[in-house]
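target16.cif follows; it contains mmCIF, C-alpha atoms.
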data_query
#
loop_
_atom_site.group_PDB
_atom_site.id
_atom_site.type_symbol
_atom_site.label_atom_id
_atom_site.label_comp_id
_atom_site.auth_asym_id
_atom_site.auth_seq_id
_atom_site.Cartn_x
_atom_site.Cartn_y
_atom_site.Cartn_z
ATOM 1 C CA MET J 866 -30.997 44.752 -36.438
ATOM 2 C CA ALA J 867 -33.868 44.426 -38.905
ATOM 3 C CA GLY J 868 -32.080 46.837 -41.246
ATOM 4 C CA TRP J 869 -29.095 44.597 -41.832
ATOM 5 C CA TRP J 870 -31.461 41.660 -42.228
ATOM 6 C CA ARG J 871 -33.356 43.347 -45.069
ATOM 7 C CA ARG J 872 -30.154 44.662 -46.584
ATOM 8 C CA TRP J 873 -28.568 41.231 -46.781
ATOM 9 C CA PHE J 874 -31.480 39.007 -47.479
ATOM 10 C CA GLY J 875 -33.517 40.938 -49.996
ATOM 11 C CA ARG J 876 -31.979 38.565 -52.549
ATOM 12 C CA ASP J 877 -32.616 34.911 -52.034
ATOM 13 C CA ASP J 878 -29.647 33.374 -53.836
ATOM 14 C CA GLY J 879 -26.899 33.972 -51.285
ATOM 15 C CA ARG J 880 -24.809 36.290 -53.480
ATOM 16 C CA ALA J 881 -24.908 38.879 -50.703
ATOM 17 C CA LEU J 882 -22.859 36.468 -48.596
ATOM 18 C CA LEU J 883 -20.037 36.084 -51.114
ATOM 19 C CA PRO J 884 -17.811 38.535 -49.174
ATOM 20 C CA LEU J 885 -18.265 36.414 -46.056
ATOM 21 C CA TYR J 886 -17.531 33.178 -47.903
ATOM 22 C CA ARG J 887 -14.466 34.738 -49.542
ATOM 23 C CA ALA J 888 -13.272 35.844 -46.092
ATOM 24 C CA VAL J 889 -13.668 32.252 -44.845
ATOM 25 C CA VAL J 890 -11.583 30.925 -47.733
ATOM 26 C CA ALA J 891 -8.959 33.664 -47.312
ATOM 27 C CA ALA J 892 -8.679 32.900 -43.593
ATOM 28 C CA ALA J 893 -8.292 29.192 -44.394
ATOM 29 C CA ARG J 894 -5.436 29.978 -46.789
ATOM 30 C CA ARG J 895 -3.312 31.706 -44.148
ATOM 31 C CA PRO J 896 0.170 30.151 -44.298
ATOM 32 C CA VAL J 897 0.364 29.779 -40.498
ATOM 33 C CA TRP J 898 -2.124 26.883 -40.592
ATOM 34 C CA TYR J 899 0.127 24.931 -42.946
ATOM 35 C CA CYS J 900 3.594 26.019 -41.820
ATOM 36 C CA ALA J 901 3.497 26.346 -38.035
ATOM 37 C CA GLY J 902 0.164 24.495 -37.675
ATOM 38 C CA GLY J 903 1.261 21.426 -39.606
ATOM 39 C CA VAL J 904 -1.916 21.036 -41.666
ATOM 40 C CA PRO J 905 -0.873 19.315 -44.898
ATOM 41 C CA ASP J 906 -0.836 21.764 -47.808
ATOM 42 C CA THR J 907 -2.833 19.386 -49.955
ATOM 43 C CA LYS J 908 -6.318 19.403 -51.440
ATOM 44 C CA GLU J 909 -7.562 17.549 -48.350
ATOM 45 C CA GLY J 910 -5.700 19.808 -45.927
ATOM 46 C CA ARG J 911 -7.065 22.947 -47.567
ATOM 47 C CA PHE J 912 -10.582 21.468 -47.451
ATOM 48 C CA ASP J 913 -10.075 20.711 -43.756
ATOM 49 C CA MET J 914 -9.099 24.312 -43.038
ATOM 50 C CA VAL J 915 -11.991 25.782 -45.045
ATOM 51 C CA ALA J 916 -14.355 23.454 -43.174
ATOM 52 C CA ALA J 917 -12.804 24.402 -39.810
ATOM 53 C CA ILE J 918 -13.061 28.161 -40.424
ATOM 54 C CA LEU J 919 -16.522 27.793 -41.934
ATOM 55 C CA SER J 920 -17.587 25.828 -38.855
ATOM 56 C CA LEU J 921 -16.509 28.670 -36.591
ATOM 57 C CA VAL J 922 -18.425 31.176 -38.718
ATOM 58 C CA LEU J 923 -21.518 28.968 -38.756
ATOM 59 C CA LEU J 924 -21.317 28.640 -34.968
ATOM 60 C CA ARG J 925 -21.093 32.437 -34.739
ATOM 61 C CA LEU J 926 -24.197 32.759 -36.912
ATOM 62 C CA GLU J 927 -25.902 30.155 -34.736
ATOM 63 C CA ALA J 928 -25.314 32.494 -31.785
ATOM 64 C CA GLU J 929 -27.528 35.055 -33.559
ATOM 65 C CA GLY J 930 -30.484 32.730 -33.020
ATOM 66 C CA GLU J 931 -33.272 32.906 -35.571
ATOM 67 C CA ALA J 932 -31.619 35.874 -37.303
ATOM 68 C CA GLY J 933 -28.589 33.726 -38.126
ATOM 69 C CA ARG J 934 -30.487 30.753 -39.517
ATOM 70 C CA VAL J 935 -30.965 31.986 -43.101
ATOM 71 C CA PRO J 936 -27.437 33.399 -43.471
ATOM 72 C CA ALA J 937 -25.981 30.133 -42.157
ATOM 73 C CA ALA J 938 -28.015 28.141 -44.680
ATOM 74 C CA ARG J 939 -26.993 30.457 -47.521
ATOM 75 C CA LEU J 940 -23.347 30.273 -46.478
ATOM 76 C CA ALA J 941 -23.510 26.469 -46.464
ATOM 77 C CA GLU J 942 -25.027 26.630 -49.968
ATOM 78 C CA LEU J 943 -22.088 28.751 -51.153
ATOM 79 C CA PHE J 944 -19.751 26.122 -49.704
ATOM 80 C CA VAL J 945 -21.605 23.378 -51.605
ATOM 81 C CA ASP J 946 -21.474 25.390 -54.835
ATOM 82 C CA ASP J 947 -17.748 26.007 -54.366
ATOM 83 C CA MET J 948 -16.995 22.356 -53.620
ATOM 84 C CA ASP J 949 -19.147 21.247 -56.569
ATOM 85 C CA GLY J 950 -17.170 23.560 -58.845
ATOM 86 C CA GLN J 951 -13.843 22.352 -57.448
ATOM 87 C CA LEU J 952 -14.801 18.730 -58.044
ATOM 88 C CA ARG J 953 -15.910 19.448 -61.591
ATOM 89 C CA GLU J 954 -12.618 21.241 -62.292
ATOM 90 C CA GLU J 955 -10.865 18.049 -61.208
ATOM 91 C CA GLY J 956 -12.868 16.179 -63.823
ATOM 92 C CA ILE J 957 -15.323 14.434 -61.532
ATOM 93 C CA GLY J 958 -18.537 13.870 -63.468
ATOM 94 C CA ASP J 959 -22.177 14.549 -62.707
ATOM 95 C CA ILE J 960 -22.937 11.034 -61.539
ATOM 96 C CA VAL J 961 -20.335 11.063 -58.762
ATOM 97 C CA VAL J 962 -20.247 14.740 -57.782
ATOM 98 C CA GLY J 963 -23.343 14.431 -55.604
ATOM 99 C CA LYS J 964 -21.784 11.641 -53.547
ATOM 100 C CA HIS J 965 -18.600 13.637 -53.026
ATOM 101 C CA VAL J 966 -20.512 16.776 -52.039
ATOM 102 C CA GLY J 967 -22.657 14.706 -49.676
ATOM 103 C CA ARG J 968 -19.526 13.387 -47.963
ATOM 104 C CA MET J 969 -18.138 16.921 -47.733
ATOM 105 C CA MET J 970 -21.343 18.176 -46.133
ATOM 106 C CA GLY J 971 -21.176 15.270 -43.697
ATOM 107 C CA ALA J 972 -17.596 16.241 -42.875
ATOM 108 C CA LEU J 973 -18.669 19.841 -42.330
ATOM 109 C CA GLY J 974 -21.461 18.691 -40.028
ATOM 110 C CA GLY J 975 -18.993 16.578 -38.082
ATOM 111 C CA ARG J 976 -16.665 19.514 -37.679
ATOM 112 C CA LEU J 977 -19.522 21.730 -36.524
ATOM 113 C CA GLY J 978 -20.326 19.262 -33.774
ATOM 114 C CA ALA J 979 -16.690 18.714 -32.825
ATOM 115 C CA PHE J 980 -15.866 22.427 -32.682
ATOM 116 C CA ARG J 981 -19.103 23.253 -30.836
ATOM 117 C CA GLU J 982 -18.241 20.603 -28.248
ATOM 118 C CA GLY J 983 -14.581 21.615 -28.038
ATOM 119 C CA LEU J 984 -15.321 25.303 -27.620
ATOM 120 C CA SER J 985 -18.027 24.752 -25.028
ATOM 121 C CA GLY J 986 -15.847 22.280 -23.119
ATOM 122 C CA GLY J 987 -12.733 24.438 -23.343
ATOM 123 C CA ASP J 988 -10.632 21.862 -25.196
ATOM 124 C CA LEU J 989 -10.336 22.022 -28.989
ATOM 125 C CA LEU J 990 -7.392 19.628 -29.183
ATOM 126 C CA PRO J 991 -9.460 16.440 -29.702
ATOM 127 C CA ALA J 992 -11.375 18.126 -32.559
ATOM 128 C CA ILE J 993 -8.124 19.385 -34.059
ATOM 129 C CA HIS J 994 -6.455 15.974 -33.944
ATOM 130 C CA ARG J 995 -9.494 14.221 -35.395
ATOM 131 C CA ASN J 996 -10.383 16.768 -38.087
ATOM 132 C CA LEU J 997 -7.166 18.504 -39.093
ATOM 133 C CA PHE J 998 -4.568 15.793 -38.553
ATOM 134 C CA ARG J 999 -6.995 12.949 -39.371
ATOM 135 C CA GLY J 1000 -5.259 10.546 -37.028
ATOM 136 C CA ARG J 1001 -1.716 11.435 -38.162
ATOM 137 C CA GLU J 1002 0.889 12.398 -35.603
ATOM 138 C CA ALA J 1003 0.941 16.173 -35.196
ATOM 139 C CA PRO J 1004 4.303 17.885 -35.597
ATOM 140 C CA PRO J 1005 5.631 19.177 -32.247
ATOM 141 C CA GLY J 1006 3.755 22.298 -31.189
ATOM 142 C CA ALA J 1007 1.503 22.288 -34.255
ATOM 143 C CA ALA J 1008 -1.726 21.373 -32.459
ATOM 144 C CA ALA J 1009 -1.186 24.235 -30.003
ATOM 145 C CA VAL J 1010 -0.680 26.670 -32.896
ATOM 146 C CA LEU J 1011 -3.952 25.524 -34.446
ATOM 147 C CA ARG J 1012 -5.797 25.610 -31.128
ATOM 148 C CA ASP J 1013 -4.561 29.096 -30.272
ATOM 149 C CA GLY J 1014 -5.314 30.398 -33.754
ATOM 150 C CA LEU J 1015 -8.810 28.918 -33.885
ATOM 151 C CA VAL J 1016 -9.646 30.124 -30.367
ATOM 152 C CA ALA J 1017 -8.438 33.615 -31.302
ATOM 153 C CA LEU J 1018 -10.510 33.514 -34.478
ATOM 154 C CA GLU J 1019 -13.571 32.383 -32.533
ATOM 155 C CA ALA J 1020 -13.090 35.318 -30.136
ATOM 156 C CA THR J 1021 -12.755 37.718 -33.071
ATOM 157 C CA LEU J 1022 -15.924 36.371 -34.637
ATOM 158 C CA ALA J 1023 -17.803 36.609 -31.326
ATOM 159 C CA ALA J 1024 -16.767 40.248 -30.939
ATOM 160 C CA THR J 1025 -17.731 41.177 -34.501
ATOM 161 C CA PRO J 1026 -21.196 42.712 -34.953
ATOM 162 C CA ALA J 1027 -23.440 40.667 -37.235
ATOM 163 C CA SER J 1028 -23.487 43.273 -40.008
ATOM 164 C CA GLU J 1029 -19.677 43.352 -40.156
ATOM 165 C CA LEU J 1030 -19.527 39.575 -39.991
ATOM 166 C CA LEU J 1031 -21.812 39.279 -43.001
ATOM 167 C CA ASP J 1032 -19.612 41.768 -44.876
ATOM 168 C CA GLY J 1033 -16.617 39.527 -44.214
ATOM 169 C CA ALA J 1034 -15.104 42.502 -42.405
ATOM 170 C CA TRP J 1035 -13.739 40.346 -39.572
ATOM 171 C CA HIS J 1036 -11.077 38.889 -41.848
ATOM 172 C CA GLY J 1037 -7.681 40.348 -41.150
ATOM 173 C CA ARG J 1038 -8.482 41.109 -37.505
ATOM 174 C CA SER J 1039 -7.524 37.660 -36.292
#
Could you rewrite the structure in this file as structure tokens?
Amino acid sequence: MAGWWRRWFGRDDGRALLPLYRAVVAAARRPVWYCAGGVPDTKEGRFDMVAAILSLVLLRLEAEGEAGRVPAARLAELFVDDMDGQLREEGIGDIVVGKHVGRMMGALGGRLGAFREGLSGGDLLPAIHRNLFRGREAPPGAAAVLRDGLVALEATLAATPASELLDGAWHGRS
């Protein structure tokens, strides 16, 4: 296990985790979340799905114990950098970007807690309704599609060895 640790974390800037972050974003862009799952295909809906998938990956890294701590932090930093860039592309200036990113990190933290609780308690539906539908009425069957897809993804992540996870190699298996 020490070999993959040195391989991935010889550099301190997180670039080694770009394949994993790209896999998170690609998984969040799957049409099933928006079509059958009823997540709005909007800027907010896409953020919600990236945050949901990222939460599952961060929980998987958390399961690695101490070995997952640095990769989880680096992955969160890539998320912040990506969100910062997205906000700047929208024309949001330096003064306000920090507040927006802070709210996004708070939202990610909330999702981490909600998904951790939902997965450990065996019921993701409250987390899905609160974080993906944001209080809106879910289309018929949509919450079940999201639940089943996220549970399947969590199982895929759990079964993926850490080195493959960090490569982003789990994407496409779920």
List the residues selected by the PyMOL selection byres ((chain J and resi 948) around 12) in the file shown, writing them as a count of residues only.
32
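The nearest approach to J:Ala1024 among the residues J:Gly1006, J:Val961, J:Ala928, J:Gly983, with only C-alpha atoms taken into account, belongs to J:Ala928.
Between atom CA of J:Pro1004 and atom CA of J:Thr1021 there is a distance of 26.3 Å.
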Given the file shown, determine the residues that the PyMOL selection byres ((chain J and resi 920-922) around 10) selects; report them as a PyMOL selection string.
chain J and resi 885-886+889+914-919+923-928+937+940-941+973-981+984+1015-1016+1018-1020+1022-1023+1030-1031
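Residues in contact range of J:Arg1012, defined as at most 9 Å between all atoms listed in the file, with sequence neighbours fewer than 5 positions away removed, read J:Gly902, J:Asp988, J:Leu989, J:Leu990, J:Ile993, J:Ala1007, J:Ala1017.
Distances to J:Gly1014 were evaluated for J:His994, J:Arg887, J:Arg934, J:Arg895 using all atoms listed in the file, and the minimum falls at J:Arg895.
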How big is the axis-aligned box around the listed atoms of stretch 1008-1017 of chain J once 3 Å is added on each side, and where is its centre? Give both in Å to one decimal, as AutoDock Vina command-line options.
--center_x -5.2 --center_y 27.5 --center_z -32.2 --size_x 15.0 --size_y 18.2 --size_z 10.4
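For the pair atom CA of J:Pro905 and atom CA of J:Pro991, the separation is 17.7 Å.
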